[in-house]
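Participant: Below is the file structure28.txt, with compact mmCIF, C-alpha atoms.
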# COMPACT_ATOMS: atom_id res chain seq x y z
CA MET A 1 93.80 82.41 52.84
CA PHE A 2 96.55 80.22 54.31
CA GLY A 3 98.95 83.17 54.23
CA LYS A 4 96.60 85.34 56.27
CA LEU A 5 96.00 82.54 58.78
CA TYR A 6 99.75 82.02 59.13
CA PHE A 7 100.31 85.75 59.69
CA ARG A 8 97.59 85.98 62.34
CA THR A 9 98.83 82.88 64.16
CA LEU A 10 102.40 84.21 64.09
CA ILE A 11 101.35 87.56 65.55
CA ILE A 12 99.45 85.86 68.38
CA ILE A 13 102.39 83.57 69.24
CA LEU A 14 104.83 86.48 69.07
CA GLY A 15 102.56 88.42 71.41
CA LEU A 16 103.31 85.89 74.14
CA LEU A 17 106.97 85.29 73.37
CA ILE A 18 107.89 88.95 73.00
CA GLY A 19 105.93 89.70 76.18
CA SER A 20 108.36 87.49 78.06
CA PHE A 21 111.31 89.29 76.45
CA LEU A 22 109.88 92.65 77.52
CA ASN A 23 110.27 91.59 81.16
CA VAL A 24 113.97 91.01 80.49
CA CYS A 25 114.26 94.48 78.96
CA ILE A 26 112.45 96.19 81.84
CA TYR A 27 114.70 94.50 84.40
CA ARG A 28 118.06 94.72 82.63
CA ILE A 29 118.08 98.01 80.72
CA PRO A 30 118.07 100.27 83.83
CA ARG A 31 120.85 98.11 85.27
CA LYS A 32 122.95 98.54 82.11
CA GLU A 33 122.90 94.77 81.53
CA SER A 34 122.81 93.10 78.13
CA ILE A 35 119.33 92.05 76.99
CA ILE A 36 120.86 89.52 74.60
CA LYS A 37 123.70 87.86 76.48
CA GLY A 38 123.23 85.97 79.72
CA SER A 39 120.59 83.40 80.60
CA SER A 40 117.48 84.20 82.60
CA HIS A 41 117.89 83.76 86.32
CA CYS A 42 115.96 84.17 89.55
CA THR A 43 116.50 87.63 91.02
CA ASN A 44 116.51 86.11 94.54
CA CYS A 45 118.68 82.97 94.41
CA ASN A 46 120.36 83.79 91.07
CA GLY A 47 119.60 80.26 89.94
CA LYS A 48 119.38 79.65 86.18
CA ILE A 49 115.83 79.34 84.90
CA LYS A 50 115.30 76.36 82.60
CA ALA A 51 113.72 76.83 79.17
CA TYR A 52 110.58 74.91 80.19
CA ASP A 53 110.07 77.38 83.03
CA LEU A 54 110.09 80.32 80.63
CA ILE A 55 106.85 79.56 78.79
CA PRO A 56 104.92 82.86 78.99
CA ILE A 57 102.03 82.91 81.48
CA PHE A 58 101.73 79.10 81.62
CA SER A 59 105.02 78.55 83.48
CA TYR A 60 103.90 81.03 86.13
CA ILE A 61 100.68 79.07 86.61
CA PHE A 62 102.37 75.65 86.63
CA LEU A 63 104.97 76.81 89.16
CA GLY A 64 102.32 78.28 91.41
CA GLY A 65 103.91 81.70 91.09
CA LYS A 66 107.14 80.55 92.79
CA CYS A 67 110.73 79.95 91.77
CA ARG A 68 111.41 76.25 91.17
CA ASN A 69 114.75 76.49 92.99
CA CYS A 70 114.26 78.70 96.05
CA LYS A 71 110.43 78.76 96.17
CA THR A 72 110.45 82.56 96.42
CA LYS A 73 107.25 84.15 95.19
CA ILE A 74 107.52 85.47 91.63
CA SER A 75 106.11 88.94 91.12
CA LEU A 76 102.73 88.99 89.39
CA ILE A 77 104.13 91.79 87.24
CA TYR A 78 105.90 89.27 84.96
CA PRO A 79 102.83 87.35 83.72
CA THR A 80 100.87 90.61 83.67
CA ILE A 81 103.33 92.17 81.21
CA GLU A 82 103.15 89.02 79.06
CA LEU A 83 99.36 89.05 79.09
CA ILE A 84 99.14 92.77 78.30
CA ASN A 85 101.47 92.44 75.32
CA PHE A 86 99.56 89.37 74.11
CA LEU A 87 96.19 91.13 74.32
CA LEU A 88 97.50 94.29 72.66
CA TYR A 89 98.79 92.26 69.70
CA ILE A 90 95.35 90.69 69.32
CA ILE A 91 93.65 94.11 69.48
CA ILE A 92 96.05 95.50 66.85
CA LEU A 93 95.39 92.46 64.66
CA ILE A 94 91.64 92.92 64.96
CA GLN A 95 91.94 96.61 64.08
CA TYR A 96 94.41 96.38 61.18
CA ASP A 97 94.37 92.67 60.22
CA VAL A 98 97.13 91.48 57.86
CA SER A 99 99.06 94.66 57.15
CA PHE A 100 102.39 96.38 57.57
CA LYS A 101 100.75 98.71 60.09
CA THR A 102 100.04 95.70 62.33
CA VAL A 103 103.74 94.80 62.43
CA LEU A 104 104.77 98.41 63.00
CA TYR A 105 102.28 99.00 65.80
CA CYS A 106 103.16 95.72 67.51
CA ALA A 107 106.77 96.94 67.69
CA LEU A 108 105.60 100.37 68.88
CA PHE A 109 103.31 99.03 71.59
CA SER A 110 105.89 96.58 72.93
CA THR A 111 108.43 99.39 73.18
CA LEU A 112 105.89 101.56 74.99
CA ILE A 113 105.35 98.76 77.52
CA VAL A 114 109.09 98.64 78.23
CA ILE A 115 109.23 102.44 78.50
CA SER A 116 106.31 102.44 80.93
CA GLY A 117 107.78 99.67 83.08
CA ILE A 118 111.16 101.37 83.34
CA ASP A 119 109.65 104.82 83.94
CA ILE A 120 107.51 103.50 86.80
CA HIS A 121 110.50 101.98 88.58
CA SER A 122 113.28 104.45 87.78
CA GLN A 123 111.39 107.54 86.58
CA GLU A 124 113.45 107.78 83.42
CA ILE A 125 112.99 106.91 79.76
CA PRO A 126 116.22 105.45 78.32
CA ASN A 127 117.51 107.17 75.20
CA GLY A 128 118.15 103.79 73.59
CA LEU A 129 114.41 103.11 73.45
CA ILE A 130 113.77 106.55 71.98
CA VAL A 131 116.38 105.83 69.30
CA PHE A 132 114.69 102.51 68.55
CA LEU A 133 111.36 104.28 68.00
CA LEU A 134 113.13 106.85 65.87
CA CYS A 135 114.44 104.02 63.69
CA LEU A 136 110.86 102.76 63.30
CA SER A 137 109.64 106.17 62.20
CA PRO A 138 110.94 106.03 58.60
CA LEU A 139 109.08 102.74 58.20
CA SER A 140 105.83 104.52 59.00
CA PHE A 141 106.26 106.59 55.84
CA LEU A 142 105.72 103.36 53.88
CA ILE A 143 102.15 103.35 55.20
CA ASN A 144 100.08 105.58 52.98
CA ASP A 145 97.52 106.42 55.65
CA MET A 146 98.04 110.19 55.87
CA PRO A 147 99.93 113.00 54.11
CA PHE A 148 103.68 113.06 54.63
CA TRP A 149 103.58 116.46 56.28
CA HIS A 150 101.13 115.24 58.94
CA LYS A 151 103.89 113.08 60.39
CA LEU A 152 106.56 115.75 60.08
CA ILE A 153 104.36 118.22 61.96
CA GLY A 154 103.64 115.44 64.44
CA PHE A 155 107.28 115.49 65.49
CA PHE A 156 106.94 119.07 66.80
CA SER A 157 103.26 119.46 67.76
CA SER A 158 102.87 117.78 71.15
CA SER A 159 106.59 117.76 71.99
CA ALA A 160 106.72 121.55 71.59
CA ILE A 161 103.80 121.91 74.00
CA LEU A 162 105.54 119.72 76.57
CA PHE A 163 108.81 121.58 76.07
CA ILE A 164 107.17 124.94 76.76
CA ILE A 165 105.47 123.56 79.88
CA ALA A 166 108.76 122.02 81.04
CA CYS A 167 110.47 125.40 80.75
CA PHE A 168 108.18 126.84 83.43
CA THR A 169 107.34 123.79 85.55
CA ASP A 170 108.77 120.42 86.58
CA GLY A 171 105.75 118.60 85.22
CA PHE A 172 107.53 116.86 82.33
CA GLY A 173 111.00 115.50 81.75
CA GLY A 174 113.16 115.35 78.67
CA GLY A 175 112.22 111.70 78.12
CA ASP A 176 108.53 112.59 77.87
CA ILE A 177 109.29 115.30 75.28
CA LYS A 178 111.46 113.00 73.15
CA LEU A 179 108.89 110.20 73.40
CA MET A 180 106.10 112.38 72.03
CA ALA A 181 108.37 113.75 69.29
CA VAL A 182 109.31 110.37 67.81
CA CYS A 183 105.81 108.96 68.24
CA GLY A 184 104.46 112.04 66.47
CA LEU A 185 106.50 110.93 63.45
CA LEU A 186 104.88 107.52 63.68
CA ILE A 187 101.21 108.45 64.05
CA GLY A 188 100.91 112.04 62.80
CA TYR A 189 100.07 115.37 64.45
CA GLN A 190 96.34 114.80 64.94
CA ASN A 191 96.79 111.46 66.67
CA ILE A 192 99.73 112.61 68.79
CA LEU A 193 97.80 115.66 70.01
CA LEU A 194 94.92 113.36 70.89
CA ALA A 195 97.41 111.07 72.65
CA LEU A 196 98.68 114.02 74.68
CA PHE A 197 95.13 114.96 75.66
CA ILE A 198 94.32 111.40 76.74
CA GLY A 199 97.66 111.08 78.52
CA CYS A 200 97.04 114.28 80.49
CA ILE A 201 93.63 113.02 81.61
CA ILE A 202 95.05 109.65 82.69
CA GLY A 203 98.06 111.33 84.32
CA GLY A 204 95.81 113.76 86.21
CA ILE A 205 93.59 110.97 87.52
CA SER A 206 96.52 108.76 88.54
CA GLY A 207 98.28 111.76 90.10
CA ALA A 208 95.21 112.59 92.18
CA PHE A 209 94.96 108.94 93.26
CA VAL A 210 98.61 108.88 94.37
CA LEU A 211 98.19 112.17 96.21
CA ILE A 212 95.13 110.88 98.07
CA LYS A 213 96.83 107.59 98.88
CA THR A 214 100.21 108.96 100.01
CA LYS A 215 99.00 112.38 101.22
CA GLN A 216 102.38 113.76 100.15
CA LYS A 217 102.36 116.88 98.03
CA GLY A 218 105.12 117.17 95.45
CA SER A 219 105.37 113.42 94.89
CA THR A 220 107.08 112.64 91.59
CA ILE A 221 104.77 110.74 89.27
CA PRO A 222 106.12 109.13 86.08
CA PHE A 223 104.20 110.46 83.11
CA GLY A 224 105.57 108.00 80.53
CA PRO A 225 102.93 105.31 81.21
CA SER A 226 100.07 107.81 80.83
CA LEU A 227 101.49 109.13 77.55
CA SER A 228 102.06 105.56 76.34
CA ILE A 229 98.44 104.63 76.98
CA GLY A 230 97.36 107.78 75.14
CA ILE A 231 99.57 106.85 72.17
CA MET A 232 98.16 103.32 72.09
CA ILE A 233 94.53 104.47 72.19
CA SER A 234 95.16 107.14 69.58
CA SER A 235 97.02 104.71 67.31
CA LEU A 236 94.12 102.27 67.39
CA TYR A 237 91.08 104.53 67.47
CA GLY A 238 92.37 108.05 66.78
CA GLU A 239 90.46 108.58 63.56
CA GLN A 240 87.18 107.37 65.08
CA LEU A 241 87.60 109.51 68.21
CA ILE A 242 88.51 112.62 66.22
CA ASN A 243 85.56 112.16 63.85
CA TRP A 244 83.27 111.56 66.83
CA TYR A 245 84.45 114.79 68.45
CA PHE A 246 83.98 116.90 65.31
CA SER A 247 80.51 115.43 64.82
CA PHE A 248 79.39 117.56 67.78
CA LEU A 249 80.68 120.80 66.25
Write out the structure in this file as structure tokens.
Facilitator:
Amino acid sequence: MFGKLYFRTLIIILGLLIGSFLNVCIYRIPRKESIIKGSSHCTNCNGKIKAYDLIPIFSYIFLGGKCRNCKTKISLIYPTIELINFLLYIIILIQYDVSFKTVLYCALFSTLIVISGIDIHSQEIPNGLIVFLLCLSPLSFLINDMPFWHKLIGFFSSSAILFIIACFTDGFGGGDIKLMAVCGLLIGYQNILLALFIGCIIGGISGAFVLIKTKQKGSTIPFGPSLSIGIMISSLYGEQLINWYFSFL
């Protein structure tokens, strides 16, 4: 009982702490900066941020959303990323409780947040993050939740579809294809196809919204965030959604 309580508490705390680290990754990776070396600093005055000003979410509230040194307004994106990661960890914990899958999916979801943040700002998905997910993939084979071949087929199923579409249109980039390939290894072909379906719906809606707002045809819209949301939903509720769909047939 104590072991389970310790695990759950640890996951919740890590949800906040890692959320803060994700902001570092989103900011530094596109700039080719180290995510390990170098202390956190204000992007405006370059002043070093003290440890007590790095408490996830709470420091933002205590500082009134401003830098302690130069009083420049801190983007609301930072506490939002921390809160999203925190809530996702809780949702994963509720769904899978004390299990190896909880640890694996926490790592997957955090990486997807970084991918989404970078893709929104730079419209690219760094290969380093794809490699990290690829390194997680063998660990998913330790989870006996589906046949081995489901995950192997998952590598090619949705990524092959995106590759074929990319050959004839500019709708998807190489990063999107590689993302779906490695995530297919993690969650299997049924879930990754569902993730693609959900991602296309979300991408279509967001694309229509951007088109209406900007009134500029041909605007480039990052698809990584939509695919990431699809992967998250499918990872958590894929089996239930698939069973619900087939119940109508």
Participant: Given the choices A:Ile221, A:Ser137, A:Ile233, A:Asp145, which gets closest to A:Ala181 if the distance is worked out from only C-alpha atoms?
Facilitator: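 Going through A:Ile221, A:Ser137, A:Ile233, A:Asp145 one by one, the smallest distance to A:Ala181 is for A:Ser137.
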Participant: So, counting all atoms listed in the file, which residue among A:Pro79, A:Pro147, A:Gly3, A:Pro30 is closest to A:Gln190?
Facilitator: A:Pro147
Participant: Report as a Markdown table: every residue of stretch 90-141 of chain A with an atom at most 10 Å from stretch 223-227 of chain A, its closest pair of atoms, and their distance in Å to one decimal, counting all atoms listed in the file, with rows sorted by chain and ascending residue number.
Facilitator:
| residue | atom | partner | partner_atom | distance |
| --- | --- | --- | --- | --- |
| A:Leu112 | CA | A:Pro225 | CA | 7.8 |
| A:Ile113 | CA | A:Pro225 | CA | 7.9 |
| A:Val114 | CA | A:Pro225 | CA | 9.6 |
| A:Ile115 | CA | A:Gly224 | CA | 7.0 |
| A:Ser116 | CA | A:Pro225 | CA | 4.4 |
| A:Gly117 | CA | A:Pro225 | CA | 7.7 |
| A:Ile118 | CA | A:Gly224 | CA | 9.1 |
| A:Asp119 | CA | A:Gly224 | CA | 6.2 |
| A:Ile120 | CA | A:Pro225 | CA | 7.4 |
| A:Gln123 | CA | A:Gly224 | CA | 8.4 |
| A:Glu124 | CA | A:Gly224 | CA | 8.4 |
| A:Ile125 | CA | A:Gly224 | CA | 7.5 |
Participant: Write to file, as a PDB file, in the coordinates of the input, the residues of the selection just made, with C-alpha atoms.
Facilitator:
ATOM      1  CA  LEU A 112     105.890 101.560  74.990  1.00  0.00           C
ATOM      2  CA  ILE A 113     105.350  98.760  77.520  1.00  0.00           C
ATOM      3  CA  VAL A 114     109.090  98.640  78.230  1.00  0.00           C
ATOM      4  CA  ILE A 115     109.230 102.440  78.500  1.00  0.00           C
ATOM      5  CA  SER A 116     106.310 102.440  80.930  1.00  0.00           C
ATOM      6  CA  GLY A 117     107.780  99.670  83.080  1.00  0.00           C
ATOM      7  CA  ILE A 118     111.160 101.370  83.340  1.00  0.00           C
ATOM      8  CA  ASP A 119     109.650 104.820  83.940  1.00  0.00           C
ATOM      9  CA  ILE A 120     107.510 103.500  86.800  1.00  0.00           C
ATOM     10  CA  GLN A 123     111.390 107.540  86.580  1.00  0.00           C
ATOM     11  CA  GLU A 124     113.450 107.780  83.420  1.00  0.00           C
ATOM     12  CA  ILE A 125     112.990 106.910  79.760  1.00  0.00           C
TER      13      ILE A 125
END
Participant: Between stretch 61-141 of chain A and stretch 11-22 of chain A, at 6 Å or less, what are the per-residue closest atom pairs and their distances in Å? Count only C-alpha atoms, order by chain and rising residue number, and return it as a Markdown table.
Facilitator:
| residue | atom | partner | partner_atom | distance |
| --- | --- | --- | --- | --- |
| A:Glu82 | CA | A:Gly19 | CA | 4.1 |
| A:Asn85 | CA | A:Gly19 | CA | 5.3 |
| A:Phe86 | CA | A:Gly15 | CA | 4.1 |
| A:Tyr89 | CA | A:Gly15 | CA | 5.6 |
Participant: May I have the protein, DNA and RNA residues with an atom at most 7 Å from (105.4, 105.4, 66.3), counting only C-alpha atoms in the file's coordinates, returned as JSON, numbers by chain?
Facilitator: {"A": [108, 133, 136, 137, 182, 183, 184, 185, 186, 187]}
Participant: Go through A:Ile242, A:Ile92, A:Val24, A:Met146 and flag the residue nearest A:Leu104, using all atoms listed in the file for the distances.
Facilitator: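 The answer is A:Ile92, which sits nearest to A:Leu104.
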Participant: Mind listing as a PyMOL selection string all residues within 12 Å of (92.8, 110.5, 79.9), counting all atoms listed in the file?
Facilitator: chain A and resi 194-207+223+225-234
Participant: Kindly indicate which residue among A:Leu142, A:Ala107, A:Ile192, A:Leu5 lies nearest to A:Glu239, using all atoms listed in the file for the distances.
Facilitator: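 Nearest candidate to A:Glu239 out of A:Leu142, A:Ala107, A:Ile192, A:Leu5: A:Ile192.
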Participant: Would you kindly return, as a ChimeraX atom specification, each protein, DNA or RNA residue with an atom no farther than 12 Å from any atom of A:Tyr60, considering only C-alpha atoms and excluding same-chain residues fewer than 3 positions away?
Facilitator: /A:20,52-57,63-68,73-80,82-83
Participant: Suppose you want the space between atom CA of A:Cys45 and atom CA of A:Lys32; what is it in Å?
Facilitator: 20.3 Å
